[in-house]
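Visitor: Okay, here's the structure, questions in a sec.
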Protein chains: 2
Amino acid sequence: MRKKPPSESQLADIAGIFAILADRSRLLLLNTLRESPCYVTELCRKTGLKQANVSKQLGLLKSAELVTTQRDGNLVQYSIAEPMIFDICELVCSKIERDARRRIQAFRTERTIAARR
Amino acid sequence: MRKKPPSESQLADIAGIFAILADRSRLLLLNTLRESPCYVTELCRKTGLKQANVSKQLGLLKSAELVTTQRDGNLVQYSIAEPMIFDICELVCSKIERDARRRIQAFRTERTIAARR
DNA sequence: TTACTATATTACAATATCGTGATATAGGCA
DNA sequence: TGCCTATATCACGATATTGTAATATAGTAA
């Protein structure tokens, strides 16, 4: 999204990246890879996800170029290709926390007003 | 996503925000609202989306607290509640452009190597 | 009240996505 | 070759999401 209005296909591309990030399992995998690069089996163990699921989600992450792979004999090591995604997650997190605080504040205010009646 | 590993419910919350952003129509609405606050009918006209769809997507955006509303008689004006989303989109955009450049570069290199044979 | 406009909601078909069991593929080693 | 492990892919049921036509609701004004 930029100063000039985005084209149809740009919107679709942007939506596509968000769609990749809009999944609990994939966020879990990304967050695990954030600590250090991992083999698929390690990711299965660390996340508790089944192997077929891990491979499938890693495939999607790779097709979006959010992770990269390196073959090491029989093993495949996955790494983060876009550290930027954690900046994005940080922004989203801060929004969620802000919303939560605002909701608590609104609840307190409401209770105070109710108590005055 | 932060230094301490995110909990299950935090991951779900983050994924939820991304899911809201992972749709062409909603991005289009947000981008239109970026110019200025709009009434629903204006948004229909500016985006070309049908009224039922616009109301539905605005409802989702509002439930995620990405937009706010203000009633004005018979009309409802929608505004951006989280300018931060455009920072996020900017990051995603720059990634997409970087990927595109890298792909073009890789294609050129490949062609050069092929030409040498 | 009635009529009109703006917006929201409902119901549904079409489509997409998630997770999984089963299976395929690929590499290492005997 | 055959066997084992690691990873990827296929096929499918379950579930979720999209856009839309039809309908409901809310506000204004006569």
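In the structure tokens, chains take letters A, B, ... by order of appearance, with residues numbered from 1 within each chain and ligands from 1 in the order shown.
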With 9 Å as the cut-off and only C-alpha atoms (C1' of nucleotides) counted, what is the closest atom pair between each nearby residue of stretch 5-101 of chain A and stretch 2-22 of chain C? Distances in Å to one decimal, ordered by chain and number, as a Markdown table.

Guide:
| residue | atom | partner | partner_atom | distance |
| --- | --- | --- | --- | --- |
| A:Lys50 | CA | C:DT20 | C1' | 8.2 |
| A:Ala52 | CA | C:DT20 | C1' | 7.4 |
| A:Asn53 | CA | C:DG19 | C1' | 6.5 |

Visitor: Chain A residues within 10 Å of chain C, counting only C-alpha atoms (C1' of nucleotides): which ones, as a list of chain:residue names?

Guide: A:Asp23, A:Ser25, A:Leu49, A:Lys50, A:Gln51, A:Ala52, A:Asn53, A:Lys56, A:Asp72, A:Gly73, A:Asn74, A:Leu75

Visitor: With N, CA, C and O atoms retained, write the just-selected residues as a CSV table (one decimal), in the first residue's frame.

Guide:
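Done, and the output landed in result_21.csv:
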chain,number,residue,atom,x,y,z
A,23,ASP,N,-2.3,-17.9,10.0
A,23,ASP,CA,-2.5,-19.2,10.4
A,23,ASP,C,-1.6,-19.5,11.6
A,23,ASP,O,-0.4,-19.3,11.6
A,25,SER,N,-0.5,-22.4,12.9
A,25,SER,CA,0.6,-23.3,12.7
A,25,SER,C,1.7,-22.6,12.0
A,25,SER,O,2.9,-22.9,12.4
A,49,LEU,N,3.4,-30.3,16.0
A,49,LEU,CA,2.6,-30.5,14.8
A,49,LEU,C,3.0,-31.8,14.1
A,49,LEU,O,4.1,-32.2,14.2
A,50,LYS,N,2.1,-32.4,13.4
A,50,LYS,CA,2.4,-33.7,12.6
A,50,LYS,C,3.2,-33.4,11.4
A,50,LYS,O,3.2,-32.3,10.9
A,51,GLN,N,4.0,-34.4,11.0
A,51,GLN,CA,5.0,-34.2,10.0
A,51,GLN,C,4.3,-33.7,8.7
A,51,GLN,O,4.9,-32.8,8.0
A,52,ALA,N,3.2,-34.4,8.3
A,52,ALA,CA,2.6,-34.0,7.0
A,52,ALA,C,2.2,-32.5,7.0
A,52,ALA,O,2.4,-31.8,6.1
A,53,ASN,N,1.7,-32.1,8.2
A,53,ASN,CA,1.2,-30.7,8.3
A,53,ASN,C,2.4,-29.8,8.3
A,53,ASN,O,2.4,-28.7,7.6
A,56,LYS,N,3.7,-29.5,4.8
A,56,LYS,CA,2.7,-28.7,4.0
A,56,LYS,C,2.9,-27.2,4.3
A,56,LYS,O,2.9,-26.4,3.4
A,72,ASP,N,20.8,-31.1,3.5
A,72,ASP,CA,22.0,-31.5,4.2
A,72,ASP,C,21.9,-33.0,4.2
A,72,ASP,O,21.4,-33.6,5.2
A,73,GLY,N,22.3,-33.7,3.1
A,73,GLY,CA,22.1,-35.1,3.0
A,73,GLY,C,20.7,-35.5,3.0
A,73,GLY,O,19.9,-35.0,2.1
A,74,ASN,N,20.3,-36.2,4.0
A,74,ASN,CA,18.9,-36.7,4.1
A,74,ASN,C,18.0,-35.6,4.7
A,74,ASN,O,16.8,-35.7,4.6
A,75,LEU,N,18.6,-34.6,5.3
A,75,LEU,CA,17.8,-33.6,6.0
A,75,LEU,C,17.6,-32.4,5.2
A,75,LEU,O,18.4,-32.1,4.3

Visitor: Tell me which protein, DNA and RNA residues are within 7 Å of B:Val76, counting only C-alpha atoms (C1' of nucleotides), leaving out same-chain ones fewer than 4 positions away, and put them as a PDB file with N, CA, C and O atoms, in the first residue's frame.

Guide:
ATOM      1  N   TYR B  39     -18.741   7.627   3.855  1.00  0.00           N
ATOM      2  CA  TYR B  39     -20.000   6.953   4.131  1.00  0.00           C
ATOM      3  C   TYR B  39     -20.026   5.664   3.323  1.00  0.00           C
ATOM      4  O   TYR B  39     -19.290   5.526   2.338  1.00  0.00           O
ATOM      5  N   VAL B  40     -20.906   4.767   3.732  1.00  0.00           N
ATOM      6  CA  VAL B  40     -20.969   3.459   3.087  1.00  0.00           C
ATOM      7  C   VAL B  40     -21.233   3.579   1.590  1.00  0.00           C
ATOM      8  O   VAL B  40     -20.579   2.923   0.779  1.00  0.00           O
ATOM      9  N   THR B  69     -16.729   3.987  13.526  1.00  0.00           N
ATOM     10  CA  THR B  69     -17.884   4.554  12.834  1.00  0.00           C
ATOM     11  C   THR B  69     -18.410   5.747  13.609  1.00  0.00           C
ATOM     12  O   THR B  69     -18.208   5.861  14.820  1.00  0.00           O
ATOM     13  N   GLN B  70     -19.086   6.603  12.857  1.00  0.00           N
ATOM     14  CA  GLN B  70     -19.777   7.721  13.480  1.00  0.00           C
ATOM     15  C   GLN B  70     -21.078   7.922  12.728  1.00  0.00           C
ATOM     16  O   GLN B  70     -21.068   8.116  11.508  1.00  0.00           O
ATOM     17  N   ARG B  71     -22.169   7.837  13.470  1.00  0.00           N
ATOM     18  CA  ARG B  71     -23.457   7.992  12.811  1.00  0.00           C
ATOM     19  C   ARG B  71     -23.748   9.466  12.598  1.00  0.00           C
ATOM     20  O   ARG B  71     -23.460  10.299  13.463  1.00  0.00           O
ATOM     21  N   ASP B  72     -24.312   9.761  11.434  1.00  0.00           N
ATOM     22  CA  ASP B  72     -24.613  11.137  11.069  1.00  0.00           C
ATOM     23  C   ASP B  72     -25.996  11.098  10.425  1.00  0.00           C
ATOM     24  O   ASP B  72     -26.130  10.996   9.215  1.00  0.00           O
TER      25      ASP B  72
END

Visitor: Per residue of chain D within 8 Å of chain A, which atom pair is closest and at what distance in Å (one decimal), using only C-alpha atoms (C1' of nucleotides), listed by chain and increasing number, as a tab-separated table?

Guide:
residue	atom	partner	partner_atom	distance
D:DT5	C1'	A:Asn74	CA	7.9
D:DA6	C1'	A:Asn74	CA	5.9
D:DT7	C1'	A:Ser55	CA	7.2
D:DA8	C1'	A:Ser55	CA	6.7

Visitor: Atoms to include: C-alpha atoms (C1' of nucleotides). Write the selected residues as a compact mmCIF listing (two decimals), in the first residue's frame.

Guide:
# COMPACT_ATOMS: atom_id res chain seq x y z
C1' DT D 5 15.06 -42.54 7.69
C1' DA D 6 13.61 -37.88 6.38
C1' DT D 7 10.71 -35.19 3.77
C1' DA D 8 7.10 -34.20 0.35

Visitor: What are the nearest atom pairs, with distances in Å to one decimal, for all residues of chain B that come at most 8 Å from chain A, using only C-alpha atoms, set out by chain and rising residue number as JSON lines?

Guide:
{"residue": "B:Met1", "atom": "CA", "partner": "A:Cys89", "partner_atom": "CA", "distance": 5.3}
{"residue": "B:Arg2", "atom": "CA", "partner": "A:Glu90", "partner_atom": "CA", "distance": 6.6}
{"residue": "B:Pro5", "atom": "CA", "partner": "A:Asn31", "partner_atom": "CA", "distance": 7.6}
{"residue": "B:Leu11", "atom": "CA", "partner": "A:Arg24", "partner_atom": "CA", "distance": 5.7}
{"residue": "B:Ala12", "atom": "CA", "partner": "A:Arg24", "partner_atom": "CA", "distance": 5.7}
{"residue": "B:Asp13", "atom": "CA", "partner": "A:Ile96", "partner_atom": "CA", "distance": 7.6}
{"residue": "B:Ile14", "atom": "CA", "partner": "A:Val92", "partner_atom": "CA", "distance": 6.5}
{"residue": "B:Ala15", "atom": "CA", "partner": "A:Ala22", "partner_atom": "CA", "distance": 4.2}
{"residue": "B:Gly16", "atom": "CA", "partner": "A:Ala22", "partner_atom": "CA", "distance": 6.4}
{"residue": "B:Ile17", "atom": "CA", "partner": "A:Val92", "partner_atom": "CA", "distance": 7.3}
{"residue": "B:Phe18", "atom": "CA", "partner": "A:Ala22", "partner_atom": "CA", "distance": 4.7}
{"residue": "B:Ala19", "atom": "CA", "partner": "A:Ala22", "partner_atom": "CA", "distance": 4.8}
{"residue": "B:Leu21", "atom": "CA", "partner": "A:Phe18", "partner_atom": "CA", "distance": 6.2}
{"residue": "B:Ala22", "atom": "CA", "partner": "A:Ala15", "partner_atom": "CA", "distance": 4.2}
{"residue": "B:Asp23", "atom": "CA", "partner": "A:Ala15", "partner_atom": "CA", "distance": 5.2}
{"residue": "B:Arg24", "atom": "CA", "partner": "A:Ala12", "partner_atom": "CA", "distance": 5.7}
{"residue": "B:Leu27", "atom": "CA", "partner": "A:Leu11", "partner_atom": "CA", "distance": 6.9}
{"residue": "B:Leu28", "atom": "CA", "partner": "A:Leu11", "partner_atom": "CA", "distance": 7.4}
{"residue": "B:Asn31", "atom": "CA", "partner": "A:Met1", "partner_atom": "CA", "distance": 7.4}
{"residue": "B:Glu65", "atom": "CA", "partner": "A:Asp99", "partner_atom": "CA", "distance": 7.8}
{"residue": "B:Met84", "atom": "CA", "partner": "A:Leu91", "partner_atom": "CA", "distance": 7.4}
{"residue": "B:Phe86", "atom": "CA", "partner": "A:Met1", "partner_atom": "CA", "distance": 6.5}
{"residue": "B:Ile88", "atom": "CA", "partner": "A:Ile88", "partner_atom": "CA", "distance": 5.8}
{"residue": "B:Cys89", "atom": "CA", "partner": "A:Met1", "partner_atom": "CA", "distance": 5.3}
{"residue": "B:Glu90", "atom": "CA", "partner": "A:Met1", "partner_atom": "CA", "distance": 5.6}
{"residue": "B:Leu91", "atom": "CA", "partner": "A:Met84", "partner_atom": "CA", "distance": 7.4}
{"residue": "B:Val92", "atom": "CA", "partner": "A:Ile14", "partner_atom": "CA", "distance": 6.5}
{"residue": "B:Cys93", "atom": "CA", "partner": "A:Met1", "partner_atom": "CA", "distance": 6.5}
{"residue": "B:Ile96", "atom": "CA", "partner": "A:Asp13", "partner_atom": "CA", "distance": 7.6}
{"residue": "B:Asp99", "atom": "CA", "partner": "A:Glu65", "partner_atom": "CA", "distance": 7.8}
